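Inspection log for the structure reproduced underneath, given as structure tokens.
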Amino acid sequence: MNNNEFSLLLAGKIASTAKLLMEQFNWDEDYALKRFAESKLYSFIENQQSKVWYYSPLMLAQLFSDERAGQLAFPEV
């Protein structure tokens, strides 16, 4: 996958995950995106080699919640 394809895929995953975070935590869009972008999870998602971007937005939202609880662990891909 080239960088443009990855960027487009990533943008969709981030938007979908942020929407779930908005619903889960009752956050507005800007705050959800800010909190997500500042997370350790997000740094893994940005790294194409990590394969974390394979996860569904629902799984990413759960992993974000796990990270907030201090228990970030990645399931097998």
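As shown in the structure tokens, the chain order sets the letters A, B, ...; within each chain, residues go from 1, and ligands are also counted from 1 in the order they appear.
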
At a cut-off of 10 Å, using only C-alpha atoms, what residues contact A:Tyr42? Leave out same-chain residues fewer than 3 positions from it and give the result as a tab-separated table (two decimals) with N, CA and C atoms, in the first residue's frame.
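What ended up in part-v2.tsv:
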chain	number	residue	atom	x	y	z
A	14	ILE	N	-9.65	6.97	11.65
A	14	ILE	CA	-9.59	7.96	12.72
A	14	ILE	C	-10.95	8.63	12.90
A	35	ARG	N	-8.08	14.14	22.04
A	35	ARG	CA	-7.70	13.09	22.99
A	35	ARG	C	-7.17	11.86	22.27
A	36	PHE	N	-7.81	11.50	21.18
A	36	PHE	CA	-7.36	10.34	20.42
A	36	PHE	C	-5.98	10.57	19.83
A	37	ALA	N	-5.76	11.74	19.25
A	37	ALA	CA	-4.47	12.06	18.63
A	37	ALA	C	-3.34	12.12	19.65
A	38	GLU	N	-3.64	12.41	20.89
A	38	GLU	CA	-2.63	12.49	21.94
A	38	GLU	C	-2.35	11.14	22.60
A	39	SER	N	-3.09	10.12	22.23
A	39	SER	CA	-2.94	8.82	22.87
A	39	SER	C	-1.73	8.05	22.34
A	45	ILE	N	-1.14	3.53	15.52
A	45	ILE	CA	-1.99	3.53	14.33
A	45	ILE	C	-1.29	4.23	13.17
A	46	GLU	N	-0.59	5.30	13.47
A	46	GLU	CA	0.12	6.07	12.43
A	46	GLU	C	1.25	5.28	11.78
A	47	ASN	N	1.77	4.30	12.49
A	47	ASN	CA	2.90	3.51	11.99
A	47	ASN	C	2.37	2.34	11.18
A	52	VAL	N	-1.51	-2.00	13.55
A	52	VAL	CA	-2.62	-1.64	14.44
A	52	VAL	C	-3.76	-1.04	13.63
A	53	TRP	N	-3.43	-0.41	12.53
A	53	TRP	CA	-4.46	0.19	11.68
A	53	TRP	C	-5.38	-0.87	11.06
A	60	LEU	N	-10.53	-0.21	17.97
A	60	LEU	CA	-9.67	0.93	18.32
A	60	LEU	C	-10.27	1.74	19.47
A	64	PHE	N	-8.56	2.30	23.04
A	64	PHE	CA	-8.41	3.64	23.61
A	64	PHE	C	-8.91	3.64	25.06

- Task: Could you find all residues in chain A that DSSP calls helix (DSSP H, G or I) from the backbone, and write them as an NGL selection string?
- Result: :A and (3-25 or 29-37 or 40-46 or 48-50 or 52-54 or 57-68)

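For stretch 17-22 of chain A, the residues within 6 Å (counting only C-alpha atoms, excluding itself and residues fewer than 6 positions away along the chain) are Asp28, Ala32, Leu33, Pro57 and Ala61 of chain A.
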
Export of the given selection (C-alpha atoms) as a PDB file, in the first residue's frame:
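part.pdb written:
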ATOM      1  CA  ASP A  28     -17.599  16.839  21.130  1.00  0.00           C
ATOM      2  CA  ALA A  32     -12.516  13.411  20.839  1.00  0.00           C
ATOM      3  CA  LEU A  33     -10.037  13.944  18.002  1.00  0.00           C
ATOM      4  CA  PRO A  57     -12.903   1.429  14.662  1.00  0.00           C
ATOM      5  CA  ALA A  61     -12.246   2.638  20.554  1.00  0.00           C
TER       6      ALA A  61
END

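In this structure, atom CA of A:Ser50 sits 26.9 Å away from atom CA of A:Glu23.
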
- What separates atom CA of A:Ala69 and atom CA of A:Leu9 is a distance of 27.3 Å

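Each of A:Leu72, A:Tyr31, A:Asp66, A:Gln24 was compared to A:Phe44 using only C-alpha atoms, and A:Leu72 turns out to be the nearest.
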
- Task: Provide the atom CA of A:Glu29 to atom CA of A:Lys13 distance in Å, to one decimal place.
- Result: 14.4 Å

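Distance check against A:Lys40 using only C-alpha atoms: of A:Glu67, A:Leu58, A:Ser16, A:Phe25, the minimum falls on A:Glu67.
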
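The shortest atom-to-atom distance to A:Ser43, with only C-alpha atoms taken into account, belongs to A:Leu10 out of A:Asn3, A:Ser56, A:Leu10, A:Trp27.
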